[in-house]
file structure_37.cif (mmCIF, C-alpha atoms)
data_work
loop_
_atom_site.group_PDB
_atom_site.id
_atom_site.type_symbol
_atom_site.label_atom_id
_atom_site.label_comp_id
_atom_site.auth_asym_id
_atom_site.auth_seq_id
_atom_site.Cartn_x
_atom_site.Cartn_y
_atom_site.Cartn_z
ATOM 1 C CA GLN A 1 -12.248 12.483 4.690
ATOM 2 C CA LEU A 2 -12.004 9.406 2.506
ATOM 3 C CA GLN A 3 -10.041 6.537 4.043
ATOM 4 C CA LEU A 4 -9.418 2.989 2.885
ATOM 5 C CA VAL A 5 -8.132 0.182 5.089
ATOM 6 C CA GLU A 6 -7.190 -3.223 3.694
ATOM 7 C CA SER A 7 -7.204 -6.469 5.637
ATOM 8 C CA GLY A 8 -7.136 -10.184 4.980
ATOM 9 C CA GLY A 9 -3.658 -10.741 3.646
ATOM 10 C CA GLY A 10 -1.465 -13.605 4.734
ATOM 11 C CA LEU A 11 0.464 -16.717 3.801
ATOM 12 C CA VAL A 12 -1.196 -19.455 1.784
ATOM 13 C CA GLN A 13 -0.064 -22.459 -0.230
ATOM 14 C CA THR A 14 -0.385 -22.728 -3.985
ATOM 15 C CA GLY A 15 -3.963 -23.484 -4.899
ATOM 16 C CA GLY A 16 -5.317 -21.920 -1.749
ATOM 17 C CA SER A 17 -7.630 -18.965 -1.242
ATOM 18 C CA LEU A 18 -7.633 -15.609 0.478
ATOM 19 C CA ARG A 19 -10.241 -12.905 0.807
ATOM 20 C CA LEU A 20 -9.122 -9.330 1.047
ATOM 21 C CA ALA A 21 -11.329 -6.584 2.430
ATOM 22 C CA CYS A 22 -11.202 -2.861 1.791
ATOM 23 C CA ALA A 23 -13.151 -0.937 4.422
ATOM 24 C CA VAL A 24 -14.084 2.523 3.181
ATOM 25 C CA SER A 25 -15.002 5.477 5.378
ATOM 26 C CA GLY A 26 -15.858 9.062 4.592
ATOM 27 C CA PHE A 27 -17.912 8.322 1.437
ATOM 28 C CA THR A 28 -20.423 5.710 0.514
ATOM 29 C CA LEU A 29 -19.508 3.269 -2.218
ATOM 30 C CA ASP A 30 -22.314 4.644 -4.385
ATOM 31 C CA TRP A 31 -19.966 7.517 -5.262
ATOM 32 C CA LEU A 32 -16.756 5.522 -5.617
ATOM 33 C CA ALA A 33 -15.180 3.113 -8.044
ATOM 34 C CA ILE A 34 -12.887 0.813 -6.076
ATOM 35 C CA GLY A 35 -9.879 -0.846 -7.601
ATOM 36 C CA TRP A 36 -7.491 -3.488 -6.351
ATOM 37 C CA PHE A 37 -3.839 -3.245 -7.309
ATOM 38 C CA ARG A 38 -0.775 -5.233 -6.431
ATOM 39 C CA GLN A 39 2.934 -4.689 -6.413
ATOM 40 C CA ALA A 40 5.588 -7.363 -6.214
ATOM 41 C CA PRO A 41 9.166 -6.540 -5.193
ATOM 42 C CA GLY A 42 11.049 -4.912 -8.034
ATOM 43 C CA LYS A 43 7.944 -4.611 -10.207
ATOM 44 C CA GLU A 44 5.540 -1.843 -11.060
ATOM 45 C CA ARG A 45 2.136 -1.600 -9.448
ATOM 46 C CA GLU A 46 -0.441 -3.348 -11.591
ATOM 47 C CA GLY A 47 -4.211 -3.302 -11.684
ATOM 48 C CA VAL A 48 -6.022 -6.460 -10.592
ATOM 49 C CA SER A 49 -9.724 -5.650 -10.555
ATOM 50 C CA CYS A 50 -12.188 -2.796 -10.334
ATOM 51 C CA LEU A 51 -15.814 -2.312 -9.312
ATOM 52 C CA SER A 52 -17.986 0.583 -10.458
ATOM 53 C CA SER A 53 -19.860 2.830 -8.048
ATOM 54 C CA ARG A 54 -23.096 1.119 -9.046
ATOM 55 C CA GLY A 55 -21.534 -2.135 -7.895
ATOM 56 C CA ASP A 56 -22.488 -4.266 -10.872
ATOM 57 C CA SER A 57 -19.767 -3.515 -13.412
ATOM 58 C CA THR A 58 -16.351 -5.050 -13.049
ATOM 59 C CA ASN A 59 -13.122 -5.625 -14.876
ATOM 60 C CA TYR A 60 -10.205 -7.906 -14.220
ATOM 61 C CA ALA A 61 -6.622 -8.263 -15.311
ATOM 62 C CA ASP A 62 -6.179 -11.199 -17.672
ATOM 63 C CA SER A 63 -3.847 -12.852 -15.176
ATOM 64 C CA VAL A 64 -6.611 -13.200 -12.574
ATOM 65 C CA LYS A 65 -9.753 -13.740 -14.669
ATOM 66 C CA GLY A 66 -11.654 -16.790 -13.529
ATOM 67 C CA ARG A 67 -9.758 -16.919 -10.233
ATOM 68 C CA PHE A 68 -10.472 -13.593 -8.514
ATOM 69 C CA THR A 69 -13.860 -12.035 -7.795
ATOM 70 C CA ILE A 70 -14.551 -8.493 -6.664
ATOM 71 C CA SER A 71 -17.703 -7.690 -4.723
ATOM 72 C CA ARG A 72 -19.030 -5.345 -2.091
ATOM 73 C CA ASP A 73 -21.194 -5.155 0.987
ATOM 74 C CA ASN A 74 -23.097 -1.876 0.981
ATOM 75 C CA ALA A 75 -24.122 -2.170 4.622
ATOM 76 C CA LYS A 76 -20.474 -2.438 5.651
ATOM 77 C CA ASN A 77 -19.212 -0.023 2.986
ATOM 78 C CA THR A 78 -16.598 -2.630 2.212
ATOM 79 C CA VAL A 79 -15.233 -4.089 -1.026
ATOM 80 C CA TYR A 80 -13.848 -7.599 -1.156
ATOM 81 C CA LEU A 81 -11.434 -9.432 -3.403
ATOM 82 C CA GLN A 82 -11.908 -13.186 -3.271
ATOM 83 C CA MET A 83 -8.771 -14.856 -4.570
ATOM 84 C CA ASN A 84 -8.918 -18.555 -5.445
ATOM 85 C CA SER A 85 -6.476 -20.979 -7.054
ATOM 86 C CA LEU A 86 -3.608 -18.797 -5.909
ATOM 87 C CA LYS A 87 -0.222 -19.085 -7.574
ATOM 88 C CA PRO A 88 3.241 -18.041 -6.396
ATOM 89 C CA GLU A 89 3.173 -15.235 -8.967
ATOM 90 C CA ASP A 90 0.208 -13.727 -7.072
ATOM 91 C CA THR A 91 2.571 -12.914 -4.222
ATOM 92 C CA ALA A 92 2.554 -9.149 -3.748
ATOM 93 C CA ALA A 93 1.427 -6.289 -1.597
ATOM 94 C CA TYR A 94 -2.221 -5.646 -2.428
ATOM 95 C CA TYR A 95 -3.743 -2.190 -2.309
ATOM 96 C CA CYS A 96 -7.256 -0.901 -2.713
ATOM 97 C CA ALA A 97 -7.850 2.497 -4.222
ATOM 98 C CA ALA A 98 -10.810 4.791 -4.824
ATOM 99 C CA ARG A 99 -11.878 7.024 -7.661
ATOM 100 C CA TYR A 100 -14.774 9.450 -7.350
ATOM 101 C CA GLN A 101 -17.584 8.760 -9.816
ATOM 102 C CA ALA A 102 -21.085 9.851 -10.576
ATOM 103 C CA PHE A 103 -23.708 8.367 -8.249
ATOM 104 C CA GLN A 104 -24.130 4.653 -9.029
ATOM 105 C CA SER A 105 -22.259 4.810 -12.294
ATOM 106 C CA ARG A 106 -21.888 1.694 -14.429
ATOM 107 C CA SER A 107 -18.599 2.957 -15.812
ATOM 108 C CA VAL A 108 -15.492 1.039 -14.789
ATOM 109 C CA PRO A 109 -12.257 3.043 -14.841
ATOM 110 C CA THR A 110 -9.235 1.707 -16.635
ATOM 111 C CA LEU A 111 -7.007 -0.125 -14.172
ATOM 112 C CA LEU A 112 -4.196 2.400 -14.052
ATOM 113 C CA PRO A 113 -2.866 3.690 -10.718
ATOM 114 C CA SER A 114 -3.032 7.244 -12.040
ATOM 115 C CA ASN A 115 -6.824 6.929 -12.352
ATOM 116 C CA PHE A 116 -7.268 6.494 -8.597
ATOM 117 C CA ALA A 117 -6.714 9.296 -6.111
ATOM 118 C CA SER A 118 -7.037 7.650 -2.700
ATOM 119 C CA TRP A 119 -5.148 4.597 -1.512
ATOM 120 C CA GLY A 120 -5.037 2.229 1.402
ATOM 121 C CA GLN A 121 -1.854 1.218 3.181
ATOM 122 C CA GLY A 122 -1.693 -2.239 1.582
ATOM 123 C CA THR A 123 -1.709 -5.814 2.795
ATOM 124 C CA GLN A 124 0.863 -8.482 2.015
ATOM 125 C CA ASP A 125 -0.125 -11.755 0.389
ATOM 126 C CA THR A 126 2.398 -14.556 0.034
ATOM 127 C CA VAL A 127 1.709 -17.736 -1.905
ATOM 128 C CA SER A 128 4.183 -20.519 -1.208
ATOM 129 C CA SER A 129 4.997 -23.162 -3.802
#
call {"tool": "encode", "arguments": {"input": "structure_37.cif", "output": "structure tokens"}}
result
Amino acid sequence: QLQLVESGGGLVQTGGSLRLACAVSGFTLDWLAIGWFRQAPGKEREGVSCLSSRGDSTNYADSVKGRFTISRDNAKNTVYLQMNSLKPEDTAAYYCAARYQAFQSRSVPTLLPSNFASWGQGTQDTVSS
């Protein structure tokens, strides 16, 4: 059974950094595209970044390009989201999600929640001004 567990959220000042982790069990990452999404109070869930099952194709929302980096550790079956130069508008609950793909595919799914079937429970990030 596929499970995703996020960790690494917290409180940070503007300009600071956080690293989120998404630990995946039940499937190896070679069969999964992993996306990061976020949802602020009163707003819709939005896509932040995605990593293909091959692990070398990525995409990012325009709002985080140049500040956030997605990566993975195959040995730990874990995907990370390194978030630098954080802004108050980055405050949200962050979720990782998985989409089944062909083995080591270079394709990166469009960052829409409907494209991802399995979700973690989320982790809260708060950036103070």
call {"tool": "resolve_selection", "arguments": {"input": "structure_37.cif", "expression": "the PyMOL selection byres ((chain A and resi 128) around 9)", "output": "NGL selection string"}}
result
:A and (11-14 or 87-88 or 91 or 126-127 or 129)
call {"tool": "write_last_selection", "arguments": {"input": "structure_37.cif", "atoms": "C-alpha atoms", "output": "mmCIF file, in the frame of the given file"}}
result
data_model
loop_
_atom_site.group_PDB
_atom_site.id
_atom_site.type_symbol
_atom_site.label_atom_id
_atom_site.label_comp_id
_atom_site.auth_asym_id
_atom_site.auth_seq_id
_atom_site.Cartn_x
_atom_site.Cartn_y
_atom_site.Cartn_z
ATOM 1 C CA LEU A 11 0.464 -16.717 3.801
ATOM 2 C CA VAL A 12 -1.196 -19.455 1.784
ATOM 3 C CA GLN A 13 -0.064 -22.459 -0.230
ATOM 4 C CA THR A 14 -0.385 -22.728 -3.985
ATOM 5 C CA LYS A 87 -0.222 -19.085 -7.574
ATOM 6 C CA PRO A 88 3.241 -18.041 -6.396
ATOM 7 C CA THR A 91 2.571 -12.914 -4.222
ATOM 8 C CA THR A 126 2.398 -14.556 0.034
ATOM 9 C CA VAL A 127 1.709 -17.736 -1.905
ATOM 10 C CA SER A 129 4.997 -23.162 -3.802
#
call {"tool": "resolve_selection", "arguments": {"input": "structure_37.cif", "expression": "the PyMOL selection byres ((chain A and resi 71-74) around 10)", "output": "short mmCIF file (atom, residue, chain, number, x, y, z; two decimals) with C-alpha atoms, in the frame of the given file"}}
result
data_model
loop_
_atom_site.label_atom_id
_atom_site.label_comp_id
_atom_site.auth_asym_id
_atom_site.auth_seq_id
_atom_site.Cartn_x
_atom_site.Cartn_y
_atom_site.Cartn_z
CA ALA A 21 -11.33 -6.58 2.43
CA CYS A 22 -11.20 -2.86 1.79
CA ALA A 23 -13.15 -0.94 4.42
CA THR A 28 -20.42 5.71 0.51
CA LEU A 29 -19.51 3.27 -2.22
CA ASP A 30 -22.31 4.64 -4.38
CA ILE A 34 -12.89 0.81 -6.08
CA CYS A 50 -12.19 -2.80 -10.33
CA LEU A 51 -15.81 -2.31 -9.31
CA GLY A 55 -21.53 -2.13 -7.90
CA ASP A 56 -22.49 -4.27 -10.87
CA SER A 57 -19.77 -3.52 -13.41
CA THR A 58 -16.35 -5.05 -13.05
CA THR A 69 -13.86 -12.04 -7.80
CA ILE A 70 -14.55 -8.49 -6.66
CA ALA A 75 -24.12 -2.17 4.62
CA LYS A 76 -20.47 -2.44 5.65
CA ASN A 77 -19.21 -0.02 2.99
CA THR A 78 -16.60 -2.63 2.21
CA VAL A 79 -15.23 -4.09 -1.03
CA TYR A 80 -13.85 -7.60 -1.16
CA LEU A 81 -11.43 -9.43 -3.40
CA GLN A 82 -11.91 -13.19 -3.27
#
call {"tool": "closest_residue", "arguments": {"input": "structure_37.cif", "among": "A:Leu20, A:Ala98, A:Thr110, A:Ala92", "to": "Ser7 (chain A)", "atoms": "all atoms listed in the file"}}
result
A:Leu20
call {"tool": "atom_distance", "arguments": {"input": "structure_37.cif", "atom1": "CA of Val108 (chain A)", "atom2": "CA of Gly8 (chain A)"}}
result
24.2 Å
call {"tool": "atom_distance", "arguments": {"input": "structure_37.cif", "atom1": "CA of Gly35 (chain A)", "atom2": "CA of Lys65 (chain A)"}}
result
14.7 Å
call {"tool": "resolve_selection", "arguments": {"input": "structure_37.cif", "expression": "the PyMOL selection byres ((chain A and resi 101) around 7)", "output": "PyMOL selection string"}}
result
chain A and resi 31-33+53+99-100+102-103+105
call {"tool": "atom_distance", "arguments": {"input": "structure_37.cif", "atom1": "CA of Val64 (chain A)", "atom2": "CA of Ala40 (chain A)"}}
result
14.9 Å
call {"tool": "closest_residue", "arguments": {"input": "structure_37.cif", "among": "A:Ala117, A:Arg67, A:Ala97, A:Leu111", "to": "Leu18 (chain A)", "atoms": "all atoms listed in the file"}}
result
A:Arg67
call {"tool": "residues_near_point", "arguments": {"input": "structure_37.cif", "point": "(-7.4, -16.8, -4.0)", "cutoff": "8 Å", "atoms": "all atoms listed in the file", "output": "ChimeraX atom specification"}}
result
/A:15-19,67-68,82-86
call {"tool": "residues_around", "arguments": {"input": "structure_37.cif", "residues": "Arg45 (chain A)", "least_positions_apart": "2", "cutoff": "10 Å", "atoms": "only C-alpha atoms", "output": "ChimeraX atom specification"}}
result
/A:37-43,47-48,92-95,112-113
call {"tool": "write_last_selection", "arguments": {"input": "structure_37.cif", "atoms": "C-alpha atoms", "output": "PDB file, in the coordinates of the input"}}
result
ATOM      1  CA  PHE A  37      -3.839  -3.245  -7.309  1.00  0.00           C
ATOM      2  CA  ARG A  38      -0.775  -5.233  -6.431  1.00  0.00           C
ATOM      3  CA  GLN A  39       2.934  -4.689  -6.413  1.00  0.00           C
ATOM      4  CA  ALA A  40       5.588  -7.363  -6.214  1.00  0.00           C
ATOM      5  CA  PRO A  41       9.166  -6.540  -5.193  1.00  0.00           C
ATOM      6  CA  GLY A  42      11.049  -4.912  -8.034  1.00  0.00           C
ATOM      7  CA  LYS A  43       7.944  -4.611 -10.207  1.00  0.00           C
ATOM      8  CA  GLY A  47      -4.211  -3.302 -11.684  1.00  0.00           C
ATOM      9  CA  VAL A  48      -6.022  -6.460 -10.592  1.00  0.00           C
ATOM     10  CA  ALA A  92       2.554  -9.149  -3.748  1.00  0.00           C
ATOM     11  CA  ALA A  93       1.427  -6.289  -1.597  1.00  0.00           C
ATOM     12  CA  TYR A  94      -2.221  -5.646  -2.428  1.00  0.00           C
ATOM     13  CA  TYR A  95      -3.743  -2.190  -2.309  1.00  0.00           C
ATOM     14  CA  LEU A 112      -4.196   2.400 -14.052  1.00  0.00           C
ATOM     15  CA  PRO A 113      -2.866   3.690 -10.718  1.00  0.00           C
TER      16      PRO A 113
END
call {"tool": "axis_aligned_box", "arguments": {"input": "structure_37.cif", "around": "region 78-95 of chain A", "padding_each_side": "5 Å", "output": "AutoDock Vina command-line options"}}
result
--center_x -6.7 --center_y -11.6 --center_z -3.4 --size_x 29.8 --size_y 28.8 --size_z 21.2
call {"tool": "closest_residue", "arguments": {"input": "structure_37.cif", "among": "A:Ser118, A:Asn59, A:Gln124, A:Gln104", "to": "Ser25 (chain A)", "atoms": "all atoms listed in the file"}}
result
A:Ser118
call {"tool": "closest_residue", "arguments": {"input": "structure_37.cif", "among": "A:Ala61, A:Trp36, A:Glu44, A:Ser49", "to": "Leu4 (chain A)", "atoms": "only C-alpha atoms"}}
result
A:Trp36
call {"tool": "closest_residue", "arguments": {"input": "structure_37.cif", "among": "A:Gln1, A:Arg54, A:Gly9, A:Glu46", "to": "Ser107 (chain A)", "atoms": "all atoms listed in the file"}}
result
A:Arg54
call {"tool": "closest_residue", "arguments": {"input": "structure_37.cif", "among": "A:Pro109, A:Phe27, A:Ser63, A:Trp119", "to": "Asp90 (chain A)", "atoms": "only C-alpha atoms"}}
result
A:Ser63
